[in-house]
>>> print(open('data.csv').read())   # CSV, C-alpha atoms and all ligand atoms
chain,number,residue,atom,x,y,z
A,1,MET,CA,-47.5,-9.0,-8.5
A,2,LYS,CA,-47.4,-11.3,-11.5
A,3,ALA,CA,-45.9,-11.4,-15.0
A,4,ALA,CA,-48.1,-13.4,-17.2
A,5,GLY,CA,-49.2,-15.5,-14.2
A,6,LYS,CA,-45.7,-16.0,-12.9
A,7,LEU,CA,-43.8,-14.6,-9.9
A,8,MET,CA,-41.9,-11.4,-10.5
A,9,LYS,CA,-38.2,-12.2,-9.9
A,10,VAL,CA,-36.1,-9.6,-8.2
A,11,PHE,CA,-32.3,-9.7,-7.6
A,12,VAL,CA,-30.8,-7.6,-4.8
A,13,THR,CA,-27.0,-7.3,-5.2
A,14,ARG,CA,-26.1,-6.8,-1.5
A,15,ARG,CA,-27.5,-6.9,2.1
A,16,ILE,CA,-29.3,-3.7,2.5
A,17,PRO,CA,-30.9,-2.1,5.6
A,18,GLN,CA,-34.0,-3.9,6.8
A,19,GLU,CA,-36.3,-1.0,6.0
A,20,GLY,CA,-36.0,-1.9,2.3
A,21,MET,CA,-35.9,-5.7,2.7
A,22,LYS,CA,-39.2,-5.6,4.7
A,23,ILE,CA,-40.9,-3.8,1.9
A,24,LEU,CA,-39.7,-6.2,-0.7
A,25,SER,CA,-40.5,-9.3,1.5
A,26,ALA,CA,-44.1,-8.0,2.0
A,27,ALA,CA,-44.7,-7.7,-1.7
A,28,ALA,CA,-47.0,-10.5,-2.8
A,29,ASP,CA,-45.9,-12.6,-5.8
A,30,CYS,CA,-42.4,-11.1,-5.7
A,31,GLU,CA,-39.6,-13.6,-5.5
A,32,VAL,CA,-36.6,-11.9,-4.0
A,33,SER,CA,-33.1,-13.3,-4.3
A,34,LEU,CA,-30.3,-11.6,-2.4
A,35,TRP,CA,-26.5,-11.6,-2.7
A,36,ASP,CA,-26.4,-12.2,1.1
A,37,SER,CA,-23.1,-10.4,1.8
A,38,ASP,CA,-21.7,-7.0,2.9
A,39,GLU,CA,-19.2,-7.3,0.1
A,40,PRO,CA,-19.8,-6.7,-3.6
A,41,VAL,CA,-21.3,-9.4,-5.7
A,42,PRO,CA,-18.7,-10.8,-8.1
A,43,LYS,CA,-19.5,-10.2,-11.7
A,44,ALA,CA,-20.1,-13.9,-12.5
A,45,GLU,CA,-22.6,-14.1,-9.6
A,46,LEU,CA,-24.3,-10.8,-10.8
A,47,LEU,CA,-24.6,-12.3,-14.3
A,48,LYS,CA,-26.1,-15.4,-12.8
A,49,GLY,CA,-28.4,-13.6,-10.3
A,50,VAL,CA,-30.0,-11.3,-12.9
A,51,GLN,CA,-31.0,-14.0,-15.3
A,52,GLY,CA,-34.7,-13.7,-16.0
A,53,ALA,CA,-35.1,-11.0,-13.4
A,54,HIS,CA,-37.9,-8.5,-13.7
A,55,GLY,CA,-36.3,-6.1,-11.2
A,56,LEU,CA,-32.8,-5.4,-10.1
A,57,LEU,CA,-31.8,-3.5,-6.9
A,58,CYS,CA,-28.2,-2.5,-7.2
A,59,LEU,CA,-25.5,-0.4,-5.6
A,60,LEU,CA,-23.1,2.2,-6.9
A,61,SER,CA,-20.3,-0.4,-6.9
A,62,ASP,CA,-22.2,-2.6,-9.4
A,63,LYS,CA,-21.4,-1.7,-13.0
A,64,ILE,CA,-24.7,-2.3,-14.9
A,65,ASP,CA,-23.5,-2.5,-18.5
A,66,ALA,CA,-24.7,-4.2,-21.7
A,67,GLU,CA,-23.4,-7.6,-20.5
A,68,VAL,CA,-25.4,-7.5,-17.3
A,69,LEU,CA,-28.5,-6.3,-19.2
A,70,ASP,CA,-28.1,-9.0,-21.8
A,71,ALA,CA,-27.7,-11.6,-19.0
A,72,ALA,CA,-30.9,-10.3,-17.4
A,73,GLY,CA,-32.8,-10.6,-20.7
A,74,PRO,CA,-36.1,-9.1,-21.9
A,75,ASN,CA,-38.0,-9.6,-18.5
A,76,LEU,CA,-36.0,-6.7,-16.9
A,77,LYS,CA,-38.4,-3.8,-16.4
A,78,VAL,CA,-36.7,-1.8,-13.6
A,79,ILE,CA,-33.4,-1.0,-12.1
A,80,SER,CA,-33.4,0.6,-8.7
A,81,THR,CA,-30.1,1.9,-7.4
A,82,LEU,CA,-29.4,2.6,-3.7
A,83,SER,CA,-27.7,5.9,-4.6
A,84,VAL,CA,-28.4,9.3,-6.1
A,85,GLY,CA,-25.3,8.9,-8.4
A,86,PHE,CA,-26.0,6.9,-11.5
A,87,ASP,CA,-22.7,6.9,-13.3
A,88,HIS,CA,-22.4,3.2,-12.7
A,89,LEU,CA,-25.4,2.6,-15.0
A,90,ALA,CA,-25.0,2.4,-18.7
A,91,MET,CA,-27.9,4.8,-19.4
A,92,ASP,CA,-27.8,4.5,-23.2
A,93,GLU,CA,-28.1,0.7,-23.0
A,94,ILE,CA,-30.8,0.9,-20.4
A,95,LYS,CA,-32.8,3.4,-22.4
A,96,LYS,CA,-32.5,1.3,-25.6
A,97,ARG,CA,-34.1,-1.6,-23.7
A,98,GLY,CA,-36.9,0.6,-22.3
A,99,ILE,CA,-36.0,-0.2,-18.7
A,100,ARG,CA,-37.1,2.3,-15.9
A,101,VAL,CA,-34.6,3.5,-13.4
A,102,GLY,CA,-35.2,4.5,-9.7
A,103,TYR,CA,-32.6,6.4,-7.6
A,104,THR,CA,-32.4,8.1,-4.2
A,105,PRO,CA,-32.2,11.9,-4.5
A,106,ASP,CA,-33.0,14.3,-1.6
A,107,VAL,CA,-33.1,11.7,1.2
A,108,LEU,CA,-29.3,11.7,1.5
A,109,THR,CA,-28.6,15.4,0.8
A,110,ASP,CA,-28.4,16.5,4.5
A,111,ALA,CA,-26.2,13.6,5.6
A,112,THR,CA,-23.8,14.1,2.6
A,113,ALA,CA,-23.6,17.8,3.1
A,114,GLU,CA,-22.9,17.4,6.8
A,115,LEU,CA,-20.1,14.9,6.1
A,116,THR,CA,-18.6,17.2,3.4
A,117,VAL,CA,-18.5,20.1,5.9
A,118,ALA,CA,-16.9,17.7,8.5
A,119,LEU,CA,-14.3,16.6,5.9
A,120,LEU,CA,-13.6,20.2,4.9
A,121,LEU,CA,-13.0,21.3,8.6
A,122,ALA,CA,-11.0,18.2,9.4
A,123,THR,CA,-8.8,18.8,6.4
A,124,ALA,CA,-8.4,22.6,6.8
A,125,ARG,CA,-7.8,22.4,10.6
A,126,ARG,CA,-5.6,19.2,10.3
A,127,LEU,CA,-7.7,17.1,12.7
A,128,PRO,CA,-6.3,13.7,11.7
A,129,GLU,CA,-2.7,15.0,12.1
A,130,GLY,CA,-3.6,16.4,15.5
A,131,VAL,CA,-5.2,13.2,16.8
A,132,GLU,CA,-2.2,11.3,15.6
A,133,GLU,CA,0.2,13.6,17.4
A,134,VAL,CA,-1.7,13.2,20.7
A,135,LYS,CA,-1.4,9.4,20.3
A,136,ASN,CA,2.3,9.2,19.2
A,137,GLY,CA,3.7,11.6,21.8
A,138,GLY,CA,4.3,14.4,19.3
A,139,TRP,CA,2.4,16.8,21.5
A,140,SER,CA,5.1,18.3,23.7
A,141,SER,CA,3.6,21.6,24.6
A,142,TRP,CA,1.3,24.4,23.3
A,143,LYS,CA,3.3,25.8,20.4
A,144,PRO,CA,2.4,29.0,18.6
A,145,LEU,CA,3.5,27.7,15.2
A,146,TRP,CA,2.3,24.1,15.5
A,147,LEU,CA,-0.6,22.5,13.5
A,148,CYS,CA,-1.9,25.7,12.1
A,149,GLY,CA,-4.5,25.4,9.4
A,150,TYR,CA,-7.0,27.5,7.5
A,151,GLY,CA,-10.3,28.9,8.8
A,152,LEU,CA,-13.5,29.7,6.9
A,153,SER,CA,-14.2,33.1,8.4
A,154,GLY,CA,-13.7,35.8,5.8
A,155,SER,CA,-12.9,33.2,3.1
A,156,THR,CA,-14.0,32.6,-0.4
A,157,VAL,CA,-15.6,29.2,-1.0
A,158,GLY,CA,-16.0,27.8,-4.5
A,159,VAL,CA,-18.6,25.0,-5.1
A,160,ILE,CA,-18.4,23.0,-8.3
A,161,GLY,CA,-22.0,21.9,-9.0
A,162,LEU,CA,-24.6,23.8,-6.9
A,163,GLY,CA,-27.1,21.0,-7.1
A,164,ARG,CA,-29.0,19.5,-4.1
A,165,ILE,CA,-25.9,18.6,-2.2
A,166,GLY,CA,-23.8,21.6,-3.3
A,167,MET,CA,-26.6,23.9,-2.1
A,168,ALA,CA,-26.9,22.1,1.2
A,169,ILE,CA,-23.1,22.3,1.7
A,170,SER,CA,-23.3,26.0,1.0
A,171,GLN,CA,-26.1,26.6,3.4
A,172,ARG,CA,-24.0,24.9,6.2
A,173,LEU,CA,-20.8,26.8,5.3
A,174,MET,CA,-22.2,30.4,5.1
A,175,PRO,CA,-22.8,30.7,8.9
A,176,PHE,CA,-19.1,30.1,9.4
A,177,GLY,CA,-18.5,33.7,8.2
A,178,VAL,CA,-17.7,32.9,4.5
A,179,LYS,CA,-17.3,36.2,2.7
A,180,ARG,CA,-18.0,35.1,-0.9
A,181,LEU,CA,-19.6,32.0,-2.3
A,182,LEU,CA,-18.7,31.2,-5.9
A,183,TYR,CA,-20.2,28.4,-7.9
A,184,SER,CA,-19.8,26.9,-11.4
A,185,GLY,CA,-21.8,24.5,-13.4
A,186,ARG,CA,-23.7,24.3,-16.7
A,187,THR,CA,-26.3,26.8,-15.7
A,188,ALA,CA,-26.9,29.6,-13.2
A,189,LYS,CA,-29.2,28.6,-10.4
A,190,PRO,CA,-32.0,30.8,-9.1
A,191,HIS,CA,-31.7,29.2,-5.7
A,192,ALA,CA,-28.1,30.4,-5.4
A,193,ALA,CA,-29.5,33.8,-4.2
A,194,GLU,CA,-30.2,32.1,-0.8
A,195,VAL,CA,-26.5,31.7,-0.2
A,196,LYS,CA,-25.5,34.8,-2.1
A,197,GLY,CA,-23.9,32.5,-4.7
A,198,GLU,CA,-22.1,34.1,-7.6
A,199,PHE,CA,-22.1,32.1,-10.8
A,200,VAL,CA,-18.6,32.4,-12.3
A,201,PRO,CA,-16.5,30.6,-14.9
A,202,LEU,CA,-14.6,27.6,-13.6
A,203,ASP,CA,-11.3,29.4,-14.0
A,204,THR,CA,-12.4,32.3,-11.8
A,205,LEU,CA,-13.7,29.9,-9.1
A,206,VAL,CA,-10.4,27.9,-9.1
A,207,SER,CA,-8.1,30.9,-8.9
A,208,GLU,CA,-10.1,33.0,-6.4
A,209,SER,CA,-11.3,30.3,-3.9
A,210,ASP,CA,-9.7,29.5,-0.5
A,211,PHE,CA,-11.8,26.3,-0.4
A,212,ILE,CA,-13.0,24.3,-3.4
A,213,VAL,CA,-15.8,21.8,-2.9
A,214,VAL,CA,-16.6,19.4,-5.7
A,215,SER,CA,-20.3,18.3,-5.6
A,216,CYS,CA,-21.2,17.8,-9.2
A,217,SER,CA,-22.3,14.5,-10.8
A,218,LEU,CA,-19.8,12.4,-12.7
A,219,THR,CA,-20.4,12.8,-16.4
A,220,PRO,CA,-18.1,12.7,-19.5
A,221,GLU,CA,-17.7,16.5,-19.1
A,222,THR,CA,-16.7,16.3,-15.4
A,223,GLN,CA,-14.5,13.2,-15.7
A,224,GLY,CA,-10.9,14.4,-14.9
A,225,LEU,CA,-12.0,18.0,-14.5
A,226,CYS,CA,-9.6,18.5,-11.6
A,227,ASP,CA,-6.3,18.0,-13.3
A,228,LYS,CA,-2.8,19.5,-13.4
A,229,ALA,CA,-4.1,22.7,-15.1
A,230,PHE,CA,-6.9,23.0,-12.5
A,231,PHE,CA,-4.6,22.6,-9.5
A,232,SER,CA,-1.9,24.9,-11.0
A,233,LYS,CA,-4.5,27.7,-10.9
A,234,MET,CA,-5.4,27.2,-7.3
A,235,LYS,CA,-3.9,29.3,-4.5
A,236,ASN,CA,-1.0,27.7,-2.6
A,237,THR,CA,-3.1,28.2,0.6
A,238,ALA,CA,-6.3,26.6,-0.8
A,239,VAL,CA,-8.0,23.5,0.4
A,240,PHE,CA,-9.6,21.1,-2.1
A,241,VAL,CA,-12.5,18.8,-1.0
A,242,ASN,CA,-14.3,16.2,-3.2
A,243,SER,CA,-17.4,14.3,-2.1
A,244,SER,CA,-18.8,13.7,-5.6
A,245,ARG,CA,-17.0,10.9,-7.4
A,246,GLY,CA,-13.3,10.0,-7.5
A,247,ALA,CA,-13.1,10.1,-11.3
A,248,VAL,CA,-13.7,13.9,-11.3
A,249,VAL,CA,-10.1,14.1,-10.1
A,250,ASN,CA,-6.9,13.1,-11.7
A,251,GLN,CA,-5.3,11.7,-8.7
A,252,GLU,CA,-1.7,11.7,-10.0
A,253,ASP,CA,-2.1,15.4,-10.6
A,254,LEU,CA,-3.6,15.9,-7.2
A,255,TYR,CA,-0.7,14.0,-5.6
A,256,GLU,CA,1.8,16.3,-7.4
A,257,ALA,CA,-0.1,19.4,-6.3
A,258,LEU,CA,-0.2,18.3,-2.7
A,259,SER,CA,3.4,17.1,-2.5
A,260,SER,CA,4.9,20.1,-4.2
A,261,GLY,CA,3.0,22.6,-2.1
A,262,GLN,CA,1.0,23.9,-5.1
A,263,ILE,CA,-2.1,23.5,-2.9
A,264,ALA,CA,-2.4,23.3,0.9
A,265,ALA,CA,-4.5,20.2,1.5
A,266,ALA,CA,-7.2,17.9,0.1
A,267,GLY,CA,-10.1,16.0,1.7
A,268,LEU,CA,-11.5,13.2,-0.3
A,269,ASP,CA,-14.6,11.1,0.5
A,270,VAL,CA,-14.4,9.4,-2.9
A,271,THR,CA,-11.5,8.0,-4.8
A,272,THR,CA,-10.5,5.9,-7.8
A,273,PRO,CA,-10.5,3.0,-7.2
A,274,GLU,CA,-12.6,2.3,-4.2
A,275,PRO,CA,-11.3,1.1,-1.9
A,276,LEU,CA,-8.1,3.1,-2.5
A,277,PRO,CA,-5.1,0.6,-2.1
A,278,THR,CA,-3.4,1.0,1.2
A,279,ASN,CA,-0.1,1.6,-0.6
A,280,HIS,CA,-1.5,4.5,-2.7
A,281,PRO,CA,0.8,7.5,-2.7
A,282,LEU,CA,-2.0,9.9,-1.6
A,283,LEU,CA,-2.1,8.0,1.7
A,284,THR,CA,1.5,8.9,2.4
A,285,LEU,CA,0.7,12.6,2.6
A,286,LYS,CA,-0.2,14.3,5.8
A,287,ASN,CA,-2.1,17.0,3.9
A,288,CYS,CA,-4.5,14.5,2.4
A,289,VAL,CA,-7.5,13.2,4.3
A,290,VAL,CA,-9.2,10.3,2.8
A,291,LEU,CA,-12.5,8.8,3.9
A,292,PRO,CA,-14.1,5.6,2.7
A,293,HIS,CA,-17.1,7.0,0.8
A,294,ILE,CA,-19.3,7.6,3.8
A,295,GLY,CA,-21.2,10.8,2.7
A,296,SER,CA,-24.6,9.3,3.3
A,297,ALA,CA,-23.6,6.9,6.1
A,298,THR,CA,-26.0,7.7,8.9
A,299,TYR,CA,-28.2,5.0,10.2
A,300,SER,CA,-31.4,6.8,9.4
A,301,THR,CA,-30.3,8.0,6.0
A,302,ARG,CA,-29.3,4.5,4.9
A,303,GLY,CA,-32.6,3.2,6.2
A,304,VAL,CA,-34.6,5.8,4.2
A,305,MET,CA,-32.5,5.2,1.1
A,306,SER,CA,-33.2,1.5,1.4
A,307,ALA,CA,-37.0,1.9,1.8
A,308,LEU,CA,-37.0,4.4,-1.1
A,309,SER,CA,-35.1,2.0,-3.4
A,310,ALA,CA,-37.5,-0.8,-2.5
A,311,ARG,CA,-40.5,1.4,-3.3
A,312,ASN,CA,-38.9,2.5,-6.5
A,313,LEU,CA,-38.4,-1.1,-7.5
A,314,LEU,CA,-42.0,-2.1,-6.7
A,315,GLY,CA,-43.4,0.9,-8.6
A,316,GLY,CA,-41.4,-0.2,-11.7
A,317,LEU,CA,-42.5,-3.8,-11.4
A,318,GLN,CA,-46.1,-2.8,-11.1
A,319,GLY,CA,-45.9,-0.3,-13.9
A,320,THR,CA,-47.1,2.5,-11.6
A,321,GLU,CA,-45.5,5.6,-10.3
A,322,MET,CA,-42.0,5.3,-8.8
A,323,PRO,CA,-41.4,7.7,-5.9
A,324,SER,CA,-38.0,8.8,-7.4
A,325,GLU,CA,-37.8,7.9,-11.0
A,326,LEU,CA,-34.8,9.0,-13.1
A,327,THR,CA,-36.1,10.7,-16.2
A,328,PHE,CA,-33.7,10.5,-19.1
A,401,LIG,P1,-27.7,17.1,-8.4
A,401,LIG,O1,-28.1,16.5,-9.7
A,401,LIG,O2,-28.7,17.9,-7.6
A,401,LIG,O3,-26.4,18.0,-8.6
A,401,LIG,C1,-25.4,17.7,-9.5
A,401,LIG,C2,-24.8,19.0,-9.9
A,401,LIG,O4,-23.7,18.7,-10.8
A,401,LIG,C3,-25.7,20.0,-10.7
A,401,LIG,O5,-25.8,21.2,-10.0
A,401,LIG,C4,-25.1,20.2,-12.0
A,401,LIG,O6,-25.1,21.5,-12.4
A,401,LIG,C5,-23.6,19.8,-11.7
A,401,LIG,N1,-22.9,19.6,-12.9
A,401,LIG,C6,-23.2,18.8,-13.9
A,401,LIG,N2,-22.3,18.9,-14.9
A,401,LIG,C7,-21.4,19.8,-14.5
A,401,LIG,C8,-20.3,20.4,-15.0
A,401,LIG,N3,-19.8,20.0,-16.2
A,401,LIG,N4,-19.6,21.3,-14.3
A,401,LIG,C9,-20.0,21.7,-13.1
A,401,LIG,N5,-21.1,21.2,-12.5
A,401,LIG,C10,-21.8,20.2,-13.2
A,401,LIG,O7,-27.1,15.9,-7.6
A,401,LIG,P2,-26.9,15.8,-6.0
A,401,LIG,O8,-26.4,17.1,-5.5
A,401,LIG,O9,-28.0,15.1,-5.4
A,401,LIG,O10,-25.6,14.7,-6.0
A,401,LIG,C11,-24.4,15.1,-6.7
A,401,LIG,C12,-23.4,14.0,-6.7
A,401,LIG,O11,-22.9,13.7,-5.4
A,401,LIG,C13,-24.0,12.6,-7.1
A,401,LIG,O12,-24.1,12.5,-8.5
A,401,LIG,C14,-23.0,11.7,-6.5
A,401,LIG,O13,-22.0,11.4,-7.5
A,401,LIG,C15,-22.4,12.4,-5.4
A,401,LIG,N6,-22.8,11.9,-4.1
A,401,LIG,C16,-21.8,11.4,-3.2
A,401,LIG,C17,-22.1,11.0,-2.0
A,401,LIG,C18,-21.0,10.5,-1.1
A,401,LIG,O14,-21.3,9.6,-0.3
A,401,LIG,N7,-19.8,11.1,-1.1
A,401,LIG,C19,-23.5,10.9,-1.5
A,401,LIG,C20,-24.4,11.4,-2.4
A,401,LIG,C21,-24.1,11.8,-3.7
A,401,LIG,P3,-26.0,22.0,-13.7
A,401,LIG,O15,-27.4,21.7,-13.2
A,401,LIG,O16,-25.6,23.3,-13.9
A,401,LIG,O17,-25.6,21.0,-14.8
A,402,LIG,C1,-24.7,8.2,-3.8
A,402,LIG,O1,-25.8,8.0,-3.4
A,402,LIG,O2,-24.5,8.5,-5.0
A,402,LIG,C2,-23.6,8.1,-2.9
A,402,LIG,O3,-22.3,8.1,-3.5
A,402,LIG,C3,-23.7,7.1,-1.8
A,402,LIG,O4,-24.8,7.4,-1.0
>>> encode(input="data.csv", output="structure tokens")
Amino acid sequence: MKAAGKLMKVFVTRRIPQEGMKILSAAADCEVSLWDSDEPVPKAELLKGVQGAHGLLCLLSDKIDAEVLDAAGPNLKVISTLSVGFDHLAMDEIKKRGIRVGYTPDVLTDATAELTVALLLATARRLPEGVEEVKNGGWSSWKPLWLCGYGLSGSTVGVIGLGRIGMAISQRLMPFGVKRLLYSGRTAKPHAAEVKGEFVPLDTLVSESDFIVVSCSLTPETQGLCDKAFFSKMKNTAVFVNSSRGAVVNQEDLYEALSSGQIAAAGLDVTTPEPLPTNHPLLTLKNCVVLPHIGSATYSTRGVMSALSARNLLGGLQGTEMPSELTF
């Protein structure tokens, strides 16, 4: 693979599962340099690493902005992100420069939906609290009023963003005996019929749901969507779950809603910032379960994501079809 007779230079911003590295290493005439760490590449190293690169394989924690694109220079043909979310990419700047983008939809849908359901159940049925009580001696006997939570049977679930993951979450929740499934978004979805989904205005979803699951993408419209006004419309007994992006939620408002009893509990797989500082107020609350952004974290899913991101990158370098190209 050559650019005007020269090696194609690729920068990979983190150690990634071997499935992807094998594909890149086997690519003839492709010179791969890697930020050989499990921790994020510092900005200065990213700016250095992308210089003259034809391809960039990045992660959701790398902000790819005008500064990075300028540092890369005119060689850069393709950016492949090891994620389905692409809110970390400055799409306007990328488009202006005619750079192609690859991402990893579909392959992580099942894993992320499964984790979201696990988080919902753990939050609603207070599993982390229960585990803690067993360890700290708080379990004195079987008590009728102790550690009660909320069940899905007969409930109304509201899904904000019935996309690939929102739909997969809904399919998994319905067999628990959910009575009504509401969803909101920009457009009604024909596939919602499969889960008997009712397309409703956001306000209706917020006020009528017993469980609210956020699975939309982060956009200027969804940024800060779940704020004081949002939480004030929720039922006092309702459980809020977010596995999309932290910035969809105003965390100060969420803290207020949880600590005042405005809402029952929250489960978050995503926060702002990531990692959430260990002294963050949300971590002092028993009714808030926070996970370290592990929605897609199964061995097989991460392997497939890695391979797909490598194939996307090579397709972009070769100027051929990319298995999952973001069209924008
Ligand atoms: P999709 O593009 O399939 O779904 C995104 C959904 O967001 C669409 O249904 C879209 O609805 C909805 N949406 C967009 N704007 C709004 C809005 N203003 N109000 C309500 N809904 C809106 O993406 P995926 O389902 O594959 O992924 C969704 C997101 O999940 C990713 O962008 C990523 O941020 C996050 N994610 C998190 C993971 C984790 O580890 N926690 C793992 C994987 C993904 P419409 O079509 O009507 O606009
Ligand atoms: C994504 O892909 O956007 C997730 O947040 C991580 O898998």
>>> closest_residue(input="data.csv", among="A:Val107, A:Val239, A:Ala168, A:Ala118", to="ligand LIG 402 (chain A)", atoms="all atoms listed in the file")
A:Val107
>>> atom_distance(input="data.csv", atom1="atom CA of Leu108 of chain A", atom2="atom O1 of ligand LIG 402 (chain A)")
7.1 Å
>>> residues_near_ligand(input="data.csv", ligand="ligand LIG 402 (chain A)", cutoff="9 Å", atoms="all atoms listed in the file", output="CSV table (one decimal) with C-alpha atoms, in the coordinates of the input")
chain,number,residue,atom,x,y,z
A,59,LEU,CA,-25.5,-0.4,-5.6
A,60,LEU,CA,-23.1,2.2,-6.9
A,81,THR,CA,-30.1,1.9,-7.4
A,82,LEU,CA,-29.4,2.6,-3.7
A,83,SER,CA,-27.7,5.9,-4.6
A,84,VAL,CA,-28.4,9.3,-6.1
A,85,GLY,CA,-25.3,8.9,-8.4
A,86,PHE,CA,-26.0,6.9,-11.5
A,87,ASP,CA,-22.7,6.9,-13.3
A,103,TYR,CA,-32.6,6.4,-7.6
A,104,THR,CA,-32.4,8.1,-4.2
A,105,PRO,CA,-32.2,11.9,-4.5
A,108,LEU,CA,-29.3,11.7,1.5
A,109,THR,CA,-28.6,15.4,0.8
A,112,THR,CA,-23.8,14.1,2.6
A,217,SER,CA,-22.3,14.5,-10.8
A,243,SER,CA,-17.4,14.3,-2.1
A,244,SER,CA,-18.8,13.7,-5.6
A,245,ARG,CA,-17.0,10.9,-7.4
A,270,VAL,CA,-14.4,9.4,-2.9
A,293,HIS,CA,-17.1,7.0,0.8
A,294,ILE,CA,-19.3,7.6,3.8
A,295,GLY,CA,-21.2,10.8,2.7
A,296,SER,CA,-24.6,9.3,3.3
A,297,ALA,CA,-23.6,6.9,6.1
A,301,THR,CA,-30.3,8.0,6.0
A,302,ARG,CA,-29.3,4.5,4.9
A,305,MET,CA,-32.5,5.2,1.1
>>> atom_distance(input="data.csv", atom1="atom O1 of ligand LIG 401 (chain A)", atom2="atom CA of Thr222 of chain A")
12.7 Å
>>> atom_distance(input="data.csv", atom1="atom CA of Ile160 of chain A", atom2="atom CA of Glu256 of chain A")
21.3 Å
>>> residues_near_point(input="data.csv", point="(-28.7, -2.8, 8.9)", cutoff="9 Å", atoms="all atoms listed in the file", output="list in words")
Arg15, Ile16, Pro17, Gln18, Glu19, Tyr299, Arg302 and Gly303 of chain A
>>> residues_around(input="data.csv", residues="segment 121-131 of chain A", least_positions_apart="6", cutoff="8 Å", atoms="only C-alpha atoms", output="VMD selection string")
chain A and resid 147 to 151 239 265 to 267 286 to 289
>>> residues_around(input="data.csv", residues="Ser33 of chain A", least_positions_apart="3", cutoff="12 Å", atoms="all atoms listed in the file", output="ChimeraX atom specification")
/A:8-15,21,24-25,30,36,45-46,48-57
>>> closest_residue(input="data.csv", among="A:His88, A:Arg186, A:Lys135, A:Arg100", to="Pro201 of chain A", atoms="only C-alpha atoms")
A:Arg186
>>> closest_residue(input="data.csv", among="A:Ala238, A:Leu7, A:Ala71, A:Val117", to="ligand LIG 401 (chain A)", atoms="all atoms listed in the file")
A:Val117
>>> closest_residue(input="data.csv", among="A:Ile79, A:Met91, A:Leu258, A:Leu202", to="ligand LIG 401 (chain A)", atoms="all atoms listed in the file")
A:Leu202
>>> closest_residue(input="data.csv", among="A:Asp227, A:Glu221, A:Glu208, A:Glu194", to="ligand LIG 401 (chain A)", atoms="all atoms listed in the file")
A:Glu221
>>> residues_around(input="data.csv", residues="Glu67 of chain A", least_positions_apart="5", cutoff="10 Å", atoms="all atoms listed in the file", output="list of chain:residue names")
A:Lys43, A:Leu47, A:Ala72, A:Gly73, A:Glu93
>>> residues_near_point(input="data.csv", point="(-5.9, 22.6, -2.4)", cutoff="12 Å", atoms="only C-alpha atoms", output="mmCIF file with C-alpha atoms, in the coordinates of the input")
data_model
loop_
_atom_site.group_PDB
_atom_site.id
_atom_site.type_symbol
_atom_site.label_atom_id
_atom_site.label_comp_id
_atom_site.auth_asym_id
_atom_site.auth_seq_id
_atom_site.Cartn_x
_atom_site.Cartn_y
_atom_site.Cartn_z
ATOM 1 C CA LEU A 120 -13.600 20.200 4.900
ATOM 2 C CA THR A 123 -8.800 18.800 6.400
ATOM 3 C CA ALA A 124 -8.400 22.600 6.800
ATOM 4 C CA TYR A 150 -7.000 27.500 7.500
ATOM 5 C CA VAL A 157 -15.600 29.200 -1.000
ATOM 6 C CA GLY A 158 -16.000 27.800 -4.500
ATOM 7 C CA VAL A 206 -10.400 27.900 -9.100
ATOM 8 C CA SER A 207 -8.100 30.900 -8.900
ATOM 9 C CA GLU A 208 -10.100 33.000 -6.400
ATOM 10 C CA SER A 209 -11.300 30.300 -3.900
ATOM 11 C CA ASP A 210 -9.700 29.500 -0.500
ATOM 12 C CA PHE A 211 -11.800 26.300 -0.400
ATOM 13 C CA ILE A 212 -13.000 24.300 -3.400
ATOM 14 C CA VAL A 213 -15.800 21.800 -2.900
ATOM 15 C CA VAL A 214 -16.600 19.400 -5.700
ATOM 16 C CA CYS A 226 -9.600 18.500 -11.600
ATOM 17 C CA ASP A 227 -6.300 18.000 -13.300
ATOM 18 C CA LYS A 228 -2.800 19.500 -13.400
ATOM 19 C CA PHE A 230 -6.900 23.000 -12.500
ATOM 20 C CA PHE A 231 -4.600 22.600 -9.500
ATOM 21 C CA SER A 232 -1.900 24.900 -11.000
ATOM 22 C CA LYS A 233 -4.500 27.700 -10.900
ATOM 23 C CA MET A 234 -5.400 27.200 -7.300
ATOM 24 C CA LYS A 235 -3.900 29.300 -4.500
ATOM 25 C CA ASN A 236 -1.000 27.700 -2.600
ATOM 26 C CA THR A 237 -3.100 28.200 0.600
ATOM 27 C CA ALA A 238 -6.300 26.600 -0.800
ATOM 28 C CA VAL A 239 -8.000 23.500 0.400
ATOM 29 C CA PHE A 240 -9.600 21.100 -2.100
ATOM 30 C CA VAL A 241 -12.500 18.800 -1.000
ATOM 31 C CA ASN A 242 -14.300 16.200 -3.200
ATOM 32 C CA ASP A 253 -2.100 15.400 -10.600
ATOM 33 C CA LEU A 254 -3.600 15.900 -7.200
ATOM 34 C CA TYR A 255 -0.700 14.000 -5.600
ATOM 35 C CA GLU A 256 1.800 16.300 -7.400
ATOM 36 C CA ALA A 257 -0.100 19.400 -6.300
ATOM 37 C CA LEU A 258 -0.200 18.300 -2.700
ATOM 38 C CA SER A 259 3.400 17.100 -2.500
ATOM 39 C CA SER A 260 4.900 20.100 -4.200
ATOM 40 C CA GLY A 261 3.000 22.600 -2.100
ATOM 41 C CA GLN A 262 1.000 23.900 -5.100
ATOM 42 C CA ILE A 263 -2.100 23.500 -2.900
ATOM 43 C CA ALA A 264 -2.400 23.300 0.900
ATOM 44 C CA ALA A 265 -4.500 20.200 1.500
ATOM 45 C CA ALA A 266 -7.200 17.900 0.100
ATOM 46 C CA GLY A 267 -10.100 16.000 1.700
ATOM 47 C CA LEU A 268 -11.500 13.200 -0.300
ATOM 48 C CA ASN A 287 -2.100 17.000 3.900
ATOM 49 C CA CYS A 288 -4.500 14.500 2.400
ATOM 50 C CA VAL A 289 -7.500 13.200 4.300
#
